[in-house]
$ cat model21.txt   # compact mmCIF, C-alpha atoms (C1' of nucleotides)
# COMPACT_ATOMS: atom_id res chain seq x y z
CA MET A 1 11.27 75.21 41.52
CA PRO A 2 11.82 71.73 42.92
CA ALA A 3 10.08 68.61 41.67
CA PRO A 4 6.49 68.48 42.89
CA SER A 5 6.52 65.96 45.69
CA GLU A 6 3.87 63.35 46.01
CA VAL A 7 2.54 65.03 49.12
CA ALA A 8 2.35 68.41 47.44
CA GLN A 9 0.48 66.96 44.52
CA ARG A 10 -2.00 65.34 46.81
CA ALA A 11 -2.59 68.66 48.54
CA HIS A 12 -3.15 70.43 45.25
CA ARG A 13 -5.57 67.80 44.17
CA ARG A 14 -7.40 67.98 47.44
CA LEU A 15 -7.77 71.73 47.09
CA SER A 16 -9.06 71.47 43.53
CA ASP A 17 -11.55 68.87 44.59
CA TYR A 18 -12.76 70.93 47.47
CA LEU A 19 -13.12 74.03 45.35
CA SER A 20 -15.04 72.46 42.53
CA ARG A 21 -17.18 70.45 44.91
CA HIS A 22 -18.19 73.69 46.62
CA GLY A 23 -18.59 75.93 43.60
CA LEU A 24 -15.51 77.93 44.52
CA LYS A 25 -12.86 79.18 42.18
CA GLN A 26 -9.28 78.34 41.54
CA THR A 27 -7.19 81.48 41.77
CA ARG A 28 -3.54 82.37 41.40
CA GLN A 29 -3.54 83.58 45.01
CA ARG A 30 -4.77 80.29 46.37
CA ASP A 31 -2.15 78.46 44.39
CA ALA A 32 0.60 80.77 45.52
CA ILE A 33 -0.42 80.50 49.16
CA LEU A 34 -0.64 76.75 48.96
CA GLU A 35 2.79 76.63 47.39
CA SER A 36 4.36 78.60 50.19
CA PHE A 37 2.42 76.76 52.82
CA LEU A 38 3.53 73.37 51.58
CA ASP A 39 7.06 74.65 51.65
CA THR A 40 6.76 75.12 55.38
CA ASP A 41 7.88 72.80 58.12
CA GLY A 42 6.25 72.87 61.49
CA HIS A 43 3.94 75.65 62.50
CA ILE A 44 3.31 79.04 61.04
CA THR A 45 0.98 81.93 61.68
CA SER A 46 -1.08 83.55 59.00
CA GLU A 47 0.98 86.70 59.34
CA GLU A 48 4.23 84.81 58.89
CA LEU A 49 2.95 83.02 55.85
CA TYR A 50 1.76 86.31 54.48
CA GLU A 51 5.27 87.69 54.74
CA ARG A 52 6.64 84.69 52.90
CA VAL A 53 4.12 84.72 50.10
CA ARG A 54 4.60 88.42 49.76
CA ARG A 55 8.21 88.02 48.73
CA GLU A 56 7.05 86.34 45.53
CA HIS A 57 3.73 88.17 45.22
CA PRO A 58 3.97 91.70 46.58
CA GLU A 59 0.39 92.44 45.58
CA MET A 60 -0.98 89.79 47.94
CA GLY A 61 -3.24 91.02 50.73
CA SER A 62 -3.06 89.67 54.24
CA ALA A 63 -6.80 89.16 54.45
CA THR A 64 -6.52 86.75 51.57
CA VAL A 65 -4.01 84.66 53.45
CA TYR A 66 -6.26 84.55 56.49
CA ARG A 67 -9.20 83.52 54.35
CA THR A 68 -7.20 80.95 52.46
CA LEU A 69 -5.68 79.30 55.47
CA LYS A 70 -9.13 78.85 56.86
CA LEU A 71 -10.13 77.36 53.55
CA PHE A 72 -7.21 74.95 53.70
CA CYS A 73 -8.44 73.70 57.04
CA GLU A 74 -11.87 73.04 55.62
CA ALA A 75 -10.31 71.29 52.67
CA GLY A 76 -8.27 69.07 54.95
CA ILE A 77 -4.94 70.47 53.88
CA ALA A 78 -4.08 72.33 57.04
CA ASN A 79 -4.77 72.22 60.75
CA ALA A 80 -5.23 75.07 63.14
CA HIS A 81 -3.82 75.14 66.65
CA HIS A 82 -4.37 77.50 69.54
CA PHE A 83 -1.44 76.69 71.74
CA ARG A 84 -1.36 80.12 73.21
CA ASP A 85 -4.05 82.72 73.22
CA GLY A 86 -4.31 85.35 70.57
CA VAL A 87 -2.55 83.49 67.79
CA THR A 88 -3.56 80.71 65.49
CA LEU A 89 -0.81 78.40 64.34
CA TYR A 90 -1.27 76.38 61.18
CA GLU A 91 0.49 73.25 60.15
CA ARG A 92 0.23 70.83 57.29
CA GLU A 93 -2.29 68.09 57.63
CA GLY A 94 -0.64 64.78 57.03
CA HIS A 95 1.40 62.67 59.35
CA HIS A 96 -0.50 63.45 62.46
CA HIS A 97 1.26 63.89 65.71
CA GLU A 98 0.97 65.50 69.10
CA HIS A 99 2.96 68.29 70.67
CA LEU A 100 5.30 68.62 73.56
CA ILE A 101 5.91 72.25 74.42
CA CYS A 102 8.51 73.79 76.66
CA THR A 103 6.84 76.28 78.96
CA ASP A 104 10.09 78.18 79.31
CA CYS A 105 11.47 78.57 75.80
CA GLY A 106 8.45 77.64 73.73
CA ALA A 107 10.26 74.87 71.89
CA ILE A 108 7.85 72.48 70.21
CA VAL A 109 8.68 68.80 69.88
CA GLU A 110 6.40 66.37 68.11
CA PHE A 111 5.51 62.86 69.14
CA GLU A 112 2.98 60.16 68.51
CA SER A 113 1.72 57.22 70.46
CA GLU A 114 -0.25 54.35 69.05
CA LEU A 115 -1.21 53.44 72.58
CA VAL A 116 -2.80 56.80 73.27
CA GLU A 117 -4.48 56.61 69.91
CA GLN A 118 -6.26 53.41 70.79
CA GLU A 119 -7.21 54.66 74.22
CA GLN A 120 -8.80 57.72 72.68
CA ASP A 121 -11.00 55.62 70.48
CA ARG A 122 -12.04 53.56 73.42
CA VAL A 123 -12.90 56.57 75.57
CA ALA A 124 -14.83 58.37 72.85
CA LYS A 125 -16.81 55.28 72.00
CA SER A 126 -17.67 54.66 75.61
CA ARG A 127 -19.08 58.16 75.84
CA GLY A 128 -21.21 57.76 72.75
CA PHE A 129 -19.05 59.92 70.52
CA ASP A 130 -17.85 59.50 66.99
CA LEU A 131 -14.25 60.61 67.20
CA VAL A 132 -13.32 63.00 64.43
CA GLY A 133 -10.14 64.53 65.77
CA HIS A 134 -8.07 65.26 68.80
CA ARG A 135 -5.41 67.43 70.28
CA HIS A 136 -2.93 66.20 72.78
CA ILE A 137 -0.46 68.66 74.22
CA LEU A 138 2.15 68.08 76.87
CA TYR A 139 3.71 70.98 78.68
CA GLY A 140 7.09 70.58 80.24
CA VAL A 141 10.48 72.08 80.78
CA CYS A 142 13.09 71.03 78.30
CA VAL A 143 16.63 70.34 79.36
CA ARG A 144 18.29 72.57 76.79
CA SER A 145 20.96 74.62 78.45
CA ASP A 146 20.12 77.65 76.34
CA CYS A 147 16.36 77.46 76.98
CA PRO A 148 15.81 81.25 76.84
CA ARG A 149 13.02 81.97 79.23
CA ARG A 150 9.96 83.19 77.44
CA PRO A 151 6.60 83.64 79.17
CA GLU A 152 3.74 81.35 78.26
CA ALA A 153 1.59 78.96 80.16
CA PRO A 154 -0.96 76.31 79.17
CA MET B 1 -20.82 84.26 103.76
CA PRO B 2 -21.97 80.77 102.75
CA ALA B 3 -20.56 77.59 104.24
CA PRO B 4 -16.87 77.44 103.30
CA SER B 5 -16.35 74.09 101.62
CA GLU B 6 -13.14 72.23 102.10
CA VAL B 7 -12.14 72.86 98.51
CA ALA B 8 -12.86 76.56 98.77
CA GLN B 9 -10.79 76.82 101.92
CA ARG B 10 -7.90 75.11 100.25
CA ALA B 11 -8.11 77.58 97.37
CA HIS B 12 -8.15 80.54 99.71
CA ARG B 13 -5.17 79.20 101.55
CA ARG B 14 -3.33 78.59 98.34
CA LEU B 15 -3.95 82.15 97.23
CA SER B 16 -2.77 83.58 100.54
CA ASP B 17 0.35 81.47 100.38
CA TYR B 18 1.11 82.53 96.86
CA LEU B 19 0.57 86.19 97.63
CA SER B 20 2.73 86.33 100.71
CA ARG B 21 5.39 84.16 99.14
CA HIS B 22 5.63 86.66 96.28
CA GLY B 23 5.33 89.89 98.19
CA LEU B 24 1.87 90.55 96.80
CA LYS B 25 -1.10 91.87 98.67
CA GLN B 26 -4.38 90.49 99.80
CA THR B 27 -7.19 92.68 98.54
CA ARG B 28 -10.96 92.69 98.77
CA GLN B 29 -11.14 92.43 95.00
CA ARG B 30 -9.06 89.30 94.86
CA ASP B 31 -11.19 87.75 97.54
CA ALA B 32 -14.40 88.69 95.80
CA ILE B 33 -13.20 87.34 92.48
CA LEU B 34 -12.03 84.12 94.04
CA GLU B 35 -15.38 83.76 95.75
CA SER B 36 -17.28 84.07 92.51
CA PHE B 37 -14.82 81.92 90.65
CA LEU B 38 -15.09 79.08 93.13
CA ASP B 39 -18.82 79.29 92.79
CA THR B 40 -18.48 78.39 89.12
CA ASP B 41 -18.86 74.99 87.55
CA GLY B 42 -17.16 74.19 84.29
CA HIS B 43 -15.59 76.87 82.18
CA ILE B 44 -15.92 80.61 82.25
CA THR B 45 -14.39 83.55 80.44
CA SER B 46 -12.91 86.53 82.18
CA GLU B 47 -15.69 88.68 80.81
CA GLU B 48 -18.38 86.35 82.12
CA LEU B 49 -16.81 86.22 85.54
CA TYR B 50 -16.55 89.98 85.49
CA GLU B 51 -20.30 90.20 84.96
CA ARG B 52 -20.92 87.88 87.85
CA VAL B 53 -18.60 89.60 90.29
CA ARG B 54 -20.04 92.90 89.25
CA ARG B 55 -23.47 92.02 90.58
CA GLU B 56 -22.04 92.02 94.08
CA HIS B 57 -19.33 94.59 93.50
CA PRO B 58 -20.41 97.18 90.94
CA GLU B 59 -17.20 99.11 91.34
CA MET B 60 -15.09 96.21 90.07
CA GLY B 61 -13.11 96.83 86.91
CA SER B 62 -12.80 94.27 84.16
CA ALA B 63 -9.05 94.70 83.95
CA THR B 64 -8.80 93.55 87.52
CA VAL B 65 -10.61 90.34 86.69
CA TYR B 66 -8.27 89.67 83.79
CA ARG B 67 -5.27 90.27 85.98
CA THR B 68 -6.64 88.22 88.82
CA LEU B 69 -7.58 85.22 86.75
CA LYS B 70 -4.06 85.14 85.43
CA LEU B 71 -2.84 85.33 88.97
CA PHE B 72 -5.04 82.39 89.93
CA CYS B 73 -3.39 80.33 87.24
CA GLU B 74 0.03 81.13 88.59
CA ALA B 75 -1.15 80.31 92.06
CA GLY B 76 -2.46 76.94 90.91
CA ILE B 77 -6.08 77.77 91.59
CA ALA B 78 -7.24 78.02 88.01
CA ASN B 79 -6.39 76.68 84.59
CA ALA B 80 -6.59 78.45 81.27
CA HIS B 81 -7.85 76.81 78.10
CA HIS B 82 -7.79 77.94 74.51
CA PHE B 83 -10.33 75.66 72.94
CA ARG B 84 -11.16 78.18 70.30
CA ASP B 85 -9.18 81.15 69.20
CA GLY B 86 -9.73 84.55 70.66
CA VAL B 87 -11.12 83.50 74.01
CA THR B 88 -9.54 82.15 77.12
CA LEU B 89 -11.66 79.85 79.20
CA TYR B 90 -10.82 79.35 82.85
CA GLU B 91 -11.77 76.48 85.07
CA ARG B 92 -11.00 75.48 88.60
CA GLU B 93 -7.84 73.57 89.14
CA GLY B 94 -8.55 70.44 91.07
CA HIS B 95 -9.71 67.09 89.89
CA HIS B 96 -7.84 67.05 86.65
CA HIS B 97 -9.49 65.69 83.59
CA GLU B 98 -9.51 65.91 79.84
CA HIS B 99 -12.20 67.11 77.49
CA LEU B 100 -14.34 65.51 74.87
CA ILE B 101 -16.07 68.13 72.79
CA CYS B 102 -18.95 67.71 70.37
CA THR B 103 -18.15 69.58 67.19
CA ASP B 104 -21.82 69.91 66.45
CA CYS B 105 -23.48 71.09 69.63
CA GLY B 106 -20.44 72.17 71.60
CA ALA B 107 -21.19 69.89 74.52
CA ILE B 108 -18.20 69.28 76.73
CA VAL B 109 -17.79 65.94 78.46
CA GLU B 110 -14.93 65.25 80.80
CA PHE B 111 -12.89 62.10 81.10
CA GLU B 112 -9.65 60.78 82.48
CA SER B 113 -7.42 57.88 81.69
CA GLU B 114 -4.73 56.54 83.91
CA LEU B 115 -3.29 54.73 80.94
CA VAL B 116 -2.83 57.91 78.94
CA GLU B 117 -1.40 59.53 82.02
CA GLN B 118 1.39 56.99 82.27
CA GLU B 119 2.10 57.11 78.59
CA GLN B 120 2.51 60.86 78.78
CA ASP B 121 5.13 60.57 81.46
CA ARG B 122 6.99 58.03 79.42
CA VAL B 123 6.94 60.15 76.27
CA ALA B 124 8.00 63.35 77.98
CA LYS B 125 10.85 61.64 79.78
CA SER B 126 12.09 60.05 76.59
CA ARG B 127 12.27 63.48 74.99
CA GLY B 128 14.20 65.02 77.84
CA PHE B 129 11.32 66.99 79.27
CA ASP B 130 10.12 67.52 82.79
CA LEU B 131 6.38 67.17 82.44
CA VAL B 132 4.50 69.91 84.22
CA GLY B 133 1.09 69.70 82.62
CA HIS B 134 -0.91 68.57 79.67
CA ARG B 135 -4.03 69.08 77.67
CA HIS B 136 -5.85 66.32 75.94
CA ILE B 137 -8.88 67.17 73.85
CA LEU B 138 -10.98 64.84 71.79
CA TYR B 139 -13.29 66.20 69.15
CA GLY B 140 -16.22 64.14 68.07
CA VAL B 141 -19.87 64.05 67.22
CA CYS B 142 -22.16 62.88 69.94
CA VAL B 143 -24.58 60.37 68.54
CA ARG B 144 -27.56 61.21 70.66
CA SER B 145 -30.41 62.54 68.57
CA ASP B 146 -31.05 65.39 70.98
CA CYS B 147 -27.35 66.32 71.19
CA PRO B 148 -27.73 67.80 74.70
CA ARG B 149 -26.10 71.07 75.45
CA ARG B 150 -24.78 70.07 78.82
CA PRO B 151 -21.23 71.01 79.86
CA GLU B 152 -21.29 68.63 82.83
CA ALA B 153 -19.15 65.90 84.22
CA PRO B 154 -20.46 62.32 84.37
C1' DA C 1 -2.26 103.73 115.83
C1' DG C 2 0.22 106.35 112.23
C1' DA C 3 3.35 106.89 108.30
C1' DG C 4 5.51 105.61 104.21
C1' DG C 5 6.71 102.64 100.47
C1' DT C 6 4.75 99.77 97.13
C1' DA C 7 1.40 96.84 95.10
C1' DT C 8 -3.27 97.37 93.26
C1' DT C 9 -7.12 99.24 91.25
C1' DG C 10 -10.38 101.30 87.77
C1' DA C 11 -10.87 103.89 83.85
C1' DT C 12 -9.05 104.38 79.81
C1' DT C 13 -6.19 103.74 76.01
C1' DT C 14 -3.53 100.74 73.17
C1' DT C 15 -2.33 96.61 70.89
C1' DC C 16 -2.76 93.34 67.63
C1' DA C 17 -4.75 89.23 65.44
C1' DT C 18 -8.58 88.37 62.91
C1' DT C 19 -12.79 89.56 60.48
C1' DC C 20 -15.63 92.52 57.86
C1' DT C 21 -16.82 95.82 54.08
C1' DC C 22 -17.00 97.07 49.61
C1' DA C 23 -15.58 98.55 45.19
C1' DT C 24 -12.98 96.27 41.71
C1' DT C 25 -11.24 92.23 39.41
C1' DA C 26 -10.76 87.55 37.92
C1' DC C 27 -12.78 82.83 37.21
C1' DG C 28 -15.13 79.60 34.58
C1' DG C 29 -19.27 77.74 32.52
C1' DA C 30 -22.20 78.69 28.60
C1' DT D 1 -16.11 85.97 24.40
C1' DC D 2 -19.77 87.20 27.69
C1' DC D 3 -21.81 87.18 32.31
C1' DG D 4 -22.84 86.04 36.82
C1' DT D 5 -20.61 85.28 40.84
C1' DA D 6 -16.74 84.31 43.76
C1' DA D 7 -12.43 86.41 45.11
C1' DT D 8 -9.33 90.00 46.02
C1' DG D 9 -6.98 93.99 48.35
C1' DA D 10 -7.12 97.99 51.10
C1' DG D 11 -8.68 99.77 54.83
C1' DA D 12 -11.93 100.00 58.62
C1' DA D 13 -14.00 97.45 62.37
C1' DT D 14 -13.99 94.17 66.11
C1' DG D 15 -12.88 92.35 70.39
C1' DA D 16 -10.09 90.09 73.86
C1' DA D 17 -6.18 91.02 76.36
C1' DA D 18 -2.51 94.04 77.89
C1' DA D 19 -0.59 98.38 79.02
C1' DT D 20 -0.93 103.18 81.25
C1' DC D 21 -1.34 105.98 85.02
C1' DA D 22 -3.13 108.72 88.68
C1' DA D 23 -5.48 107.60 92.79
C1' DT D 24 -5.96 104.26 96.46
C1' DA D 25 -5.46 100.35 99.55
C1' DC D 26 -2.22 97.14 101.96
C1' DC D 27 1.23 95.93 104.92
C1' DT D 28 5.33 96.48 107.57
C1' DC D 29 7.83 99.03 110.66
C1' DT D 30 7.97 102.15 114.39
$ encode --input "model21.txt" --output "structure tokens"
Amino acid sequence: MPAPSEVAQRAHRRLSDYLSRHGLKQTRQRDAILESFLDTDGHITSEELYERVRREHPEMGSATVYRTLKLFCEAGIANAHHFRDGVTLYEREGHHHEHLICTDCGAIVEFESELVEQEQDRVAKSRGFDLVGHRHILYGVCVRSDCPRRPEAP
Amino acid sequence: MPAPSEVAQRAHRRLSDYLSRHGLKQTRQRDAILESFLDTDGHITSEELYERVRREHPEMGSATVYRTLKLFCEAGIANAHHFRDGVTLYEREGHHHEHLICTDCGAIVEFESELVEQEQDRVAKSRGFDLVGHRHILYGVCVRSDCPRRPEAP
DNA sequence: AGAGGTATTGATTTTCATTCTCATTACGGA
DNA sequence: TCCGTAATGAGAATGAAAATCAATACCTCT
């Protein structure tokens, strides 16, 4: 296996912290799932991750992956998205960014904007809120010539 | 039939247009559902709307409401949201706004920002997208001691 | 107005992601 | 190593949304 990146190490540490701080246990499954998850770019569903983990650990149950991904969110290692109904997409917590989604082909492009960031703080504050997170999604039609039409709306 | 507001009339017209333009039919169910839907403030699930419509039209089927709400979205009368997984919330299309949600009490406050609006256009364009819509959600904790459960616009 | 072709409906079933249940197993502190 | 408890895996349960399908309602044409 490749050298443990700095980011990966941080994630492992964060999980350990969270577990011990909450009287939970460190298990081989949680480690395995974290390993696979960290090895992922972009977004992934629980089911997809399950398939991946399964290749290395055939005895793994899908319910465990669901449970663990939820745990990761609570531990600040992952983030859950509900871009479309019926599926939860997870991605690594870290460099935070927003999403630009093609309503035709479903392509997801990431972006960030310091300007929007500041404006969000301003708005939340003015409404008497302590901002703890946000989600900013743009829907558009991408110019890709191959954009294979696939149904999905906001 | 109550006084037809300007907004309601526009919605009815938009539905008629969409139907005829797509070779679809005008039915009493669609009218009834639109009526109830327009009578709604804030967000509503298909199931909730079904219950409401049902009071006036006991013969209505829930599948019809699902289908119709989807139709409304395509016709530009409604918008679908997936704030949490597993449920689709619909709201009237119209004055467009973003949402600020309290993670503690679930209160939903609406806001808009011209500045963010412009920035969105800029970002989408720079990525080769034709912007057709967006969703901007802020999550925070409202600092009021009574944390009012009031999904209302300012 | 009447007929016919098709979209629509309502009841029901099906799908499918996610959660729950529970007996069994694995952690981890003492 | 022992024990109490959290965790796991398999399968059942849940629930929103979609799909089926026979019966019905619309609409267009005559």
$ calpha_fit_rmsd --input "model21.txt" --fixed "chain A" --moving "chain B"
3.5 Å
$ closest_atom_pairs --input "model21.txt" --of "chain B" --to "chain A" --cutoff "6 Å" --atoms "all atoms listed in the file" --output "JSON lines"
{"residue": "B:Gly86", "atom": "CA", "partner": "A:Gly86", "partner_atom": "CA", "distance": 5.5}
{"residue": "B:Val116", "atom": "CA", "partner": "A:Val116", "partner_atom": "CA", "distance": 5.8}
{"residue": "B:Phe129", "atom": "CA", "partner": "A:Cys142", "partner_atom": "CA", "distance": 4.5}
{"residue": "B:Asp130", "atom": "CA", "partner": "A:Val141", "partner_atom": "CA", "distance": 5.0}
{"residue": "B:Leu131", "atom": "CA", "partner": "A:Gly140", "partner_atom": "CA", "distance": 4.1}
{"residue": "B:Val132", "atom": "CA", "partner": "A:Gly140", "partner_atom": "CA", "distance": 4.8}
{"residue": "B:Gly133", "atom": "CA", "partner": "A:Tyr139", "partner_atom": "CA", "distance": 4.9}
{"residue": "B:His134", "atom": "CA", "partner": "A:Leu138", "partner_atom": "CA", "distance": 4.2}
{"residue": "B:Arg135", "atom": "CA", "partner": "A:Ile137", "partner_atom": "CA", "distance": 5.0}
{"residue": "B:His136", "atom": "CA", "partner": "A:His136", "partner_atom": "CA", "distance": 4.3}
{"residue": "B:Ile137", "atom": "CA", "partner": "A:Arg135", "partner_atom": "CA", "distance": 5.0}
{"residue": "B:Leu138", "atom": "CA", "partner": "A:His134", "partner_atom": "CA", "distance": 4.2}
{"residue": "B:Tyr139", "atom": "CA", "partner": "A:Gly133", "partner_atom": "CA", "distance": 4.9}
{"residue": "B:Gly140", "atom": "CA", "partner": "A:Leu131", "partner_atom": "CA", "distance": 4.1}
{"residue": "B:Val141", "atom": "CA", "partner": "A:Asp130", "partner_atom": "CA", "distance": 5.0}
{"residue": "B:Cys142", "atom": "CA", "partner": "A:Phe129", "partner_atom": "CA", "distance": 4.3}
{"residue": "B:Val143", "atom": "CA", "partner": "A:Phe129", "partner_atom": "CA", "distance": 5.9}
$ residues_around --input "model21.txt" --residues "segment 8-20 of chain C" --least-positions-apart "5" --cutoff "9 Å" --atoms "all atoms listed in the file" --output "list in words"
Glu47, Ala63, Tyr66, Gly86, Val87 and Thr88 of chain A; Lys25, Thr27, Gln29, Glu59, Met60, Gly61, Ser62, Ala63, Thr64 and Gly86 of chain B; DA12, DA13, DT14, DA17, DA18, DA19, DT20, DA23, DT24, DA25 and DC26 of chain D
$ closest_residue --input "model21.txt" --among "D:DC27, D:DC21, D:DG11, D:DA6" --to "chain A" --atoms "only C-alpha atoms (C1' of nucleotides)"
D:DA6
$ closest_residue --input "model21.txt" --among "B:Leu49, B:Gln26, B:Ala11, B:Ser5" --to "chain C" --atoms "all atoms listed in the file"
B:Gln26
$ atom_distance --input "model21.txt" --atom1 "atom CA of Arg92 of chain A" --atom2 "atom CA of Ala78 of chain A"
4.6 Å
$ closest_residue --input "model21.txt" --among "D:DT8, D:DG15, D:DA22, D:DC29" --to "chain B" --atoms "all atoms listed in the file"
D:DG15
$ axis_aligned_box --input "model21.txt" --around "segment 8-19 of chain C" --padding-each-side "3 Å" --output "JSON"
{"center_x": -7.6, "center_y": 96.4, "center_z": 76.9, "size_x": 16.5, "size_y": 22.0, "size_z": 38.8}
$ atom_distance --input "model21.txt" --atom1 "atom CA of Arg122 of chain A" --atom2 "atom CA of Gly94 of chain B"
24.7 Å
$ atom_distance --input "model21.txt" --atom1 "atom CA of Tyr18 of chain A" --atom2 "atom CA of Gly76 of chain A"
8.9 Å
$ build_atoms --input "model21.txt" --residues "segment 62-73 of chain B" --atoms "N, CA, C and O atoms" --output "compact mmCIF listing (two decimals), in the coordinates of the input"
# COMPACT_ATOMS: atom_id res chain seq x y z
N SER B 62 -13.02 95.51 84.89
CA SER B 62 -12.80 94.27 84.16
C SER B 62 -11.31 93.93 84.07
O SER B 62 -10.92 92.77 84.07
N ALA B 63 -10.49 94.94 84.02
CA ALA B 63 -9.05 94.70 83.95
C ALA B 63 -8.58 93.93 85.17
O ALA B 63 -7.70 93.07 85.08
N THR B 64 -9.18 94.23 86.29
CA THR B 64 -8.80 93.55 87.52
C THR B 64 -9.12 92.06 87.44
O THR B 64 -8.36 91.22 87.91
N VAL B 65 -10.24 91.75 86.82
CA VAL B 65 -10.61 90.34 86.69
C VAL B 65 -9.63 89.62 85.77
O VAL B 65 -9.19 88.51 86.08
N TYR B 66 -9.27 90.27 84.68
CA TYR B 66 -8.27 89.67 83.79
C TYR B 66 -6.99 89.39 84.56
O TYR B 66 -6.44 88.30 84.53
N ARG B 67 -6.52 90.41 85.25
CA ARG B 67 -5.27 90.27 85.98
C ARG B 67 -5.36 89.17 87.03
O ARG B 67 -4.45 88.37 87.21
N THR B 68 -6.49 89.14 87.71
CA THR B 68 -6.64 88.22 88.82
C THR B 68 -6.74 86.78 88.37
O THR B 68 -6.19 85.87 88.99
N LEU B 69 -7.43 86.57 87.27
CA LEU B 69 -7.58 85.22 86.75
C LEU B 69 -6.21 84.67 86.35
O LEU B 69 -5.90 83.49 86.53
N LYS B 70 -5.41 85.54 85.80
CA LYS B 70 -4.06 85.14 85.43
C LYS B 70 -3.28 84.77 86.69
O LYS B 70 -2.53 83.79 86.72
N LEU B 71 -3.48 85.58 87.68
CA LEU B 71 -2.84 85.33 88.97
C LEU B 71 -3.25 83.97 89.52
O LEU B 71 -2.42 83.20 90.01
N PHE B 72 -4.53 83.68 89.43
CA PHE B 72 -5.04 82.39 89.93
C PHE B 72 -4.33 81.22 89.24
O PHE B 72 -4.04 80.21 89.86
N CYS B 73 -4.08 81.39 87.97
CA CYS B 73 -3.39 80.33 87.24
C CYS B 73 -2.00 80.12 87.81
O CYS B 73 -1.56 79.00 88.03
